[in-house]
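Below is one structure, written out as structure tokens; the observations come after it.
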Amino acid sequence: MWGIIATWRMALEGLSESASALAAGSAASTAVVDAVATVEDFPYYKSVGYGGLPTENGDVELDAAFMDGDTLAFGAVGNLIDIANPVRVAHALSRQRYNSLLVGQGAREWALEQGFSHKAMLTDRAMQHYRKRCRETLDKGLSPYDGHDTVGVIGLDKHGSMSVATSTSGLFMKKRGRIGDSPIMGSGFYCDSETGAATATGVGEDLMKGCVSYEIVRRMAGGMTPQQAADSVVFELEDKLMSRFGRVGDLSVVCMNRNGEFGAATNIKTFSFVVATAKQPLTVFRAERHQERTHYHPVDDEWMQAYAARIRAPIED
Ligand code: GLY
């Protein structure tokens, strides 16, 4: 068995390549890192890597992580500025005994020492979004916070090894130094090859309150199917935050167990995910909430075309 699953339609191209590699016998670790790096490199995805949206100061601060489900080793970076592929830095950090999570200037210095290249990650298009948001928020008093679509990829290879990787530019207009769930083990990602893996996307401040990825893996280890684990964690957290905190942001997850069975859960209207396994051809699904369960169905050509048009659409002033 092999399998790969990722948050959001944006992972499709990367997953297509990595699914073929897994089918041919590649390692899960390589498959997830390569798939995430493909998303990081594509300039039109405005919540990950090159082209990601900046902080309120206009800098692009990127977060990423990698976890090896065989050894439980992980590496993560936060607030990394102007290095091309944060996920590859995170992967390299996972091979270190100490200093697994580096942020800011320290993360950048370490990456440069290791031979990772400087790359200006702020694009003209991201600056257009930034200027537009500044006008909207300053002139109209709207909340500046938006845009938190993390790519998270889980892979299972033919040897039974699993890995997970994440990457994001985080909340659009975040404060300088803010970190969400994506580089935080247990919240944005968790992976144990003996059980399975999970990864999250949504409002990091709320996802971290439930340590959602660890909790999903723990419930799978206790006997739940991936779908049961995903649904129960997302909807229990939503209920808890509504009753005790008074509000809740977007919460979406995908997960896969060691047999290649997968699940997805969301509390928002339009959450897409991509999956391929030895039994399931590469498919983009659209997930929707129905009471305390998440239902999903393959997207159609019209949806795919609308998506392609939307991500490249001119930014209106
Ligand atoms: N889930 C990404 C973030 O909140 O930064």
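Labels used: A, B, ... for chains in the order of the structure tokens, numbers from 1 for residues in each chain, and numbers from 1 for ligands as shown.
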Contacts of ligand 1, 10 Å or closer, only C-alpha atoms and all ligand atoms, given as an MDAnalysis selection string | chainID A and resid 47:48 62:64 78 146:152 166:172 174 178:184 187:188 199:208 249:252
Based on DSSP run over this structure's backbone, return all residues of region 240-305 of chain A in alpha helix (DSSP H), as a compact mmCIF listing (two decimals) with N, CA, C and O atoms, in the first residue's frame.
# COMPACT_ATOMS: atom_id res chain seq x y z
N LYS A 240 -16.46 23.16 21.97
CA LYS A 240 -15.78 23.62 23.19
C LYS A 240 -15.43 25.10 23.09
O LYS A 240 -15.65 25.87 24.03
N LEU A 241 -14.90 25.51 21.93
CA LEU A 241 -14.52 26.92 21.79
C LEU A 241 -15.74 27.82 21.79
O LEU A 241 -15.71 28.92 22.36
N MET A 242 -16.83 27.37 21.16
CA MET A 242 -18.04 28.20 21.17
C MET A 242 -18.57 28.38 22.58
O MET A 242 -18.97 29.47 22.97
N SER A 243 -18.55 27.30 23.37
CA SER A 243 -19.13 27.42 24.70
C SER A 243 -18.18 28.11 25.69
O SER A 243 -18.62 28.79 26.60
N ARG A 244 -16.87 27.96 25.50
CA ARG A 244 -15.96 28.49 26.52
C ARG A 244 -15.21 29.74 26.10
O ARG A 244 -14.68 30.46 26.93
N ASP A 301 -15.32 19.66 -13.50
CA ASP A 301 -14.48 20.49 -14.37
C ASP A 301 -14.77 21.97 -14.18
O ASP A 301 -13.87 22.81 -14.21
N GLU A 302 -16.05 22.28 -14.00
CA GLU A 302 -16.44 23.68 -13.82
C GLU A 302 -15.76 24.27 -12.57
O GLU A 302 -15.25 25.39 -12.58
N TRP A 303 -15.72 23.49 -11.51
CA TRP A 303 -15.07 23.93 -10.26
C TRP A 303 -13.58 24.16 -10.53
O TRP A 303 -13.00 25.17 -10.09
N MET A 304 -12.96 23.22 -11.24
CA MET A 304 -11.51 23.33 -11.50
C MET A 304 -11.21 24.57 -12.35
O MET A 304 -10.23 25.28 -12.12
N GLN A 305 -12.08 24.83 -13.33
CA GLN A 305 -11.85 26.00 -14.20
C GLN A 305 -12.04 27.29 -13.42
O GLN A 305 -11.27 28.25 -13.59
Item to complete: Pick out the residues sitting within 12 Å of region 219-234 of chain A, and hand them over as a PyMOL selection string; count only C-alpha atoms, and ignore anything fewer than 5 positions along from it in its own chain.
Response: chain A and resi 187+191-202+206-214+239-241+248-268+287-296
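Residue nearest Met67 (chain A), chosen from A:Ile154, A:Val39, A:Met173, A:Val217 and counting only C-alpha atoms: A:Ile154.
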Task: Contacts of region 307-315 of chain A within 10 Å, only C-alpha atoms, excl. fewer than 6 positions in-chain, as a PyMOL selection string - done: chain A and resi 9-10+43-46+125-126+128-129+132+301
Could the residues in this selection be written to a file with C-alpha atoms, as a tab-separated table (two decimals), in the first residue's frame?
chain	number	residue	atom	x	y	z
A	9	ARG	CA	-6.54	22.05	-4.32
A	10	MET	CA	-3.22	23.93	-4.53
A	43	PRO	CA	3.84	32.32	-7.31
A	44	TYR	CA	0.04	32.44	-7.56
A	45	TYR	CA	-0.57	30.57	-4.28
A	46	LYS	CA	-0.75	33.50	-1.92
A	125	ARG	CA	1.25	40.49	-6.83
A	126	ALA	CA	1.52	39.93	-3.06
A	128	GLN	CA	-0.77	44.52	-4.66
A	129	HIS	CA	-2.83	42.40	-2.23
A	132	LYS	CA	-5.34	46.78	-1.23
A	301	ASP	CA	-14.48	20.49	-14.37
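Of the residues listed (A:Phe285, A:Tyr50, A:Phe42, A:Phe66), A:Phe66 shows the shortest atom-to-atom separation from Ser29 (chain A); distances use only C-alpha atoms.
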- Task: Show which residues sit within 12 Å of Ala21 (chain A), as a PyMOL selection string. Count only C-alpha atoms, and ignore same-chain residues fewer than 2 positions away.
- Result: chain A and resi 2-4+14-19+23-32+34-35+155-158+276-278
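Taking only C-alpha atoms, the non-local environment of region 82-92 of chain A within 6 Å (same-chain residues fewer than 6 positions away omitted) comprises Ala64, Ala65, Phe66, Gly75, Ala76, Ser117, His118, Lys119, Ala120 and Met121 of chain A.
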Which of region 29-123 of chain A counts as strand (DSSP E) under DSSP, as a short mmCIF file (atom, residue, chain, number, x, y, z; two decimals) with all heavy atoms, in the first residue's frame please?
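The resulting selection27.cif:
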data_model
loop_
_atom_site.label_atom_id
_atom_site.label_comp_id
_atom_site.auth_asym_id
_atom_site.auth_seq_id
_atom_site.Cartn_x
_atom_site.Cartn_y
_atom_site.Cartn_z
N LEU A 62 7.72 33.16 6.75
CA LEU A 62 7.19 31.84 6.39
C LEU A 62 7.43 30.81 7.50
O LEU A 62 8.48 30.81 8.15
CB LEU A 62 7.83 31.37 5.09
CG LEU A 62 7.56 32.30 3.89
CD1 LEU A 62 8.37 31.88 2.68
CD2 LEU A 62 6.08 32.33 3.55
N ASP A 63 6.44 29.92 7.66
CA ASP A 63 6.51 28.84 8.64
C ASP A 63 6.43 27.50 7.89
O ASP A 63 5.66 27.39 6.92
CB ASP A 63 5.32 28.88 9.61
CG ASP A 63 5.18 30.21 10.35
OD1 ASP A 63 6.19 30.94 10.45
OD2 ASP A 63 4.07 30.49 10.82
N ALA A 64 7.17 26.50 8.35
CA ALA A 64 7.10 25.18 7.71
C ALA A 64 7.58 24.12 8.69
O ALA A 64 8.27 24.43 9.67
CB ALA A 64 7.97 25.15 6.45
N ALA A 65 7.21 22.88 8.40
CA ALA A 65 7.61 21.78 9.28
C ALA A 65 7.69 20.47 8.51
O ALA A 65 7.09 20.32 7.44
CB ALA A 65 6.60 21.63 10.42
N PHE A 66 8.42 19.55 9.11
CA PHE A 66 8.52 18.18 8.58
C PHE A 66 8.58 17.23 9.76
O PHE A 66 9.25 17.53 10.77
CB PHE A 66 9.78 18.02 7.72
CG PHE A 66 10.07 16.58 7.40
CD1 PHE A 66 9.44 15.96 6.34
CD2 PHE A 66 10.91 15.83 8.20
CE1 PHE A 66 9.65 14.61 6.07
CE2 PHE A 66 11.14 14.48 7.94
CZ PHE A 66 10.51 13.87 6.87
N MET A 67 7.91 16.07 9.67
CA MET A 67 8.03 15.04 10.72
C MET A 67 8.14 13.67 10.08
O MET A 67 7.39 13.34 9.16
CB MET A 67 6.82 15.10 11.66
CG MET A 67 6.93 14.11 12.79
SD MET A 67 5.66 14.40 14.06
CE MET A 67 6.16 13.16 15.26
N ASP A 68 9.08 12.89 10.60
CA ASP A 68 9.32 11.52 10.14
C ASP A 68 8.59 10.58 11.10
O ASP A 68 8.93 10.52 12.29
CB ASP A 68 10.84 11.28 10.17
CG ASP A 68 11.23 9.88 9.75
OD1 ASP A 68 10.50 8.92 10.08
OD2 ASP A 68 12.29 9.74 9.13
N PHE A 74 11.50 15.59 14.11
CA PHE A 74 10.84 16.69 13.39
C PHE A 74 11.78 17.87 13.27
O PHE A 74 12.74 18.03 14.05
CB PHE A 74 9.54 17.12 14.11
CG PHE A 74 9.79 18.03 15.28
CD1 PHE A 74 9.61 19.41 15.15
CD2 PHE A 74 10.21 17.52 16.48
CE1 PHE A 74 9.85 20.26 16.21
CE2 PHE A 74 10.46 18.37 17.56
CZ PHE A 74 10.27 19.75 17.43
N GLY A 75 11.50 18.69 12.28
CA GLY A 75 12.20 19.96 12.13
C GLY A 75 11.18 21.00 11.73
O GLY A 75 10.19 20.69 11.05
N ALA A 76 11.37 22.23 12.19
CA ALA A 76 10.39 23.28 11.86
C ALA A 76 11.06 24.65 11.87
O ALA A 76 12.03 24.86 12.61
CB ALA A 76 9.23 23.25 12.84
N VAL A 77 10.52 25.54 11.04
CA VAL A 77 10.99 26.92 11.03
C VAL A 77 9.79 27.85 11.17
O VAL A 77 8.70 27.55 10.70
CB VAL A 77 11.74 27.27 9.72
CG1 VAL A 77 13.09 26.59 9.68
CG2 VAL A 77 10.92 26.93 8.48
N GLY A 78 10.03 28.98 11.82
CA GLY A 78 9.00 30.00 11.95
C GLY A 78 9.57 31.35 11.57
O GLY A 78 10.75 31.62 11.81
N ASN A 79 8.75 32.18 10.94
CA ASN A 79 9.15 33.56 10.58
C ASN A 79 10.44 33.57 9.76
O ASN A 79 11.28 34.46 9.93
CB ASN A 79 9.34 34.42 11.83
CG ASN A 79 8.19 34.31 12.80
OD1 ASN A 79 8.40 34.10 13.99
ND2 ASN A 79 6.97 34.44 12.31
N LEU A 80 10.57 32.62 8.87
CA LEU A 80 11.76 32.55 8.01
C LEU A 80 11.60 33.55 6.87
O LEU A 80 10.58 33.55 6.18
CB LEU A 80 11.92 31.14 7.47
CG LEU A 80 13.15 30.85 6.62
CD1 LEU A 80 14.43 31.01 7.44
CD2 LEU A 80 13.09 29.45 6.03
N LEU A 101 13.47 23.31 16.20
CA LEU A 101 12.54 24.39 15.81
C LEU A 101 13.29 25.71 15.92
O LEU A 101 13.66 26.13 17.02
CB LEU A 101 11.31 24.38 16.73
CG LEU A 101 10.35 25.57 16.68
CD1 LEU A 101 9.84 25.82 15.27
CD2 LEU A 101 9.17 25.34 17.61
N LEU A 102 13.55 26.33 14.77
CA LEU A 102 14.26 27.61 14.74
C LEU A 102 13.35 28.68 14.17
O LEU A 102 12.59 28.42 13.22
CB LEU A 102 15.52 27.51 13.86
CG LEU A 102 16.66 26.62 14.35
CD1 LEU A 102 17.81 26.63 13.33
CD2 LEU A 102 17.17 27.09 15.71
N VAL A 103 13.46 29.90 14.71
CA VAL A 103 12.62 30.99 14.21
C VAL A 103 13.46 32.22 13.86
O VAL A 103 14.58 32.39 14.35
CB VAL A 103 11.53 31.39 15.24
CG1 VAL A 103 10.63 30.21 15.57
CG2 VAL A 103 12.14 31.96 16.49
#
Judged by only C-alpha atoms, the minimum distance to Gln105 (chain A) among A:Ser163, A:Ile81, A:Leu22, A:Tyr190 is found for A:Ile81
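Between CA of Phe189 (chain A) and CA of Val36 (chain A) there is a distance of 13.5 Å.
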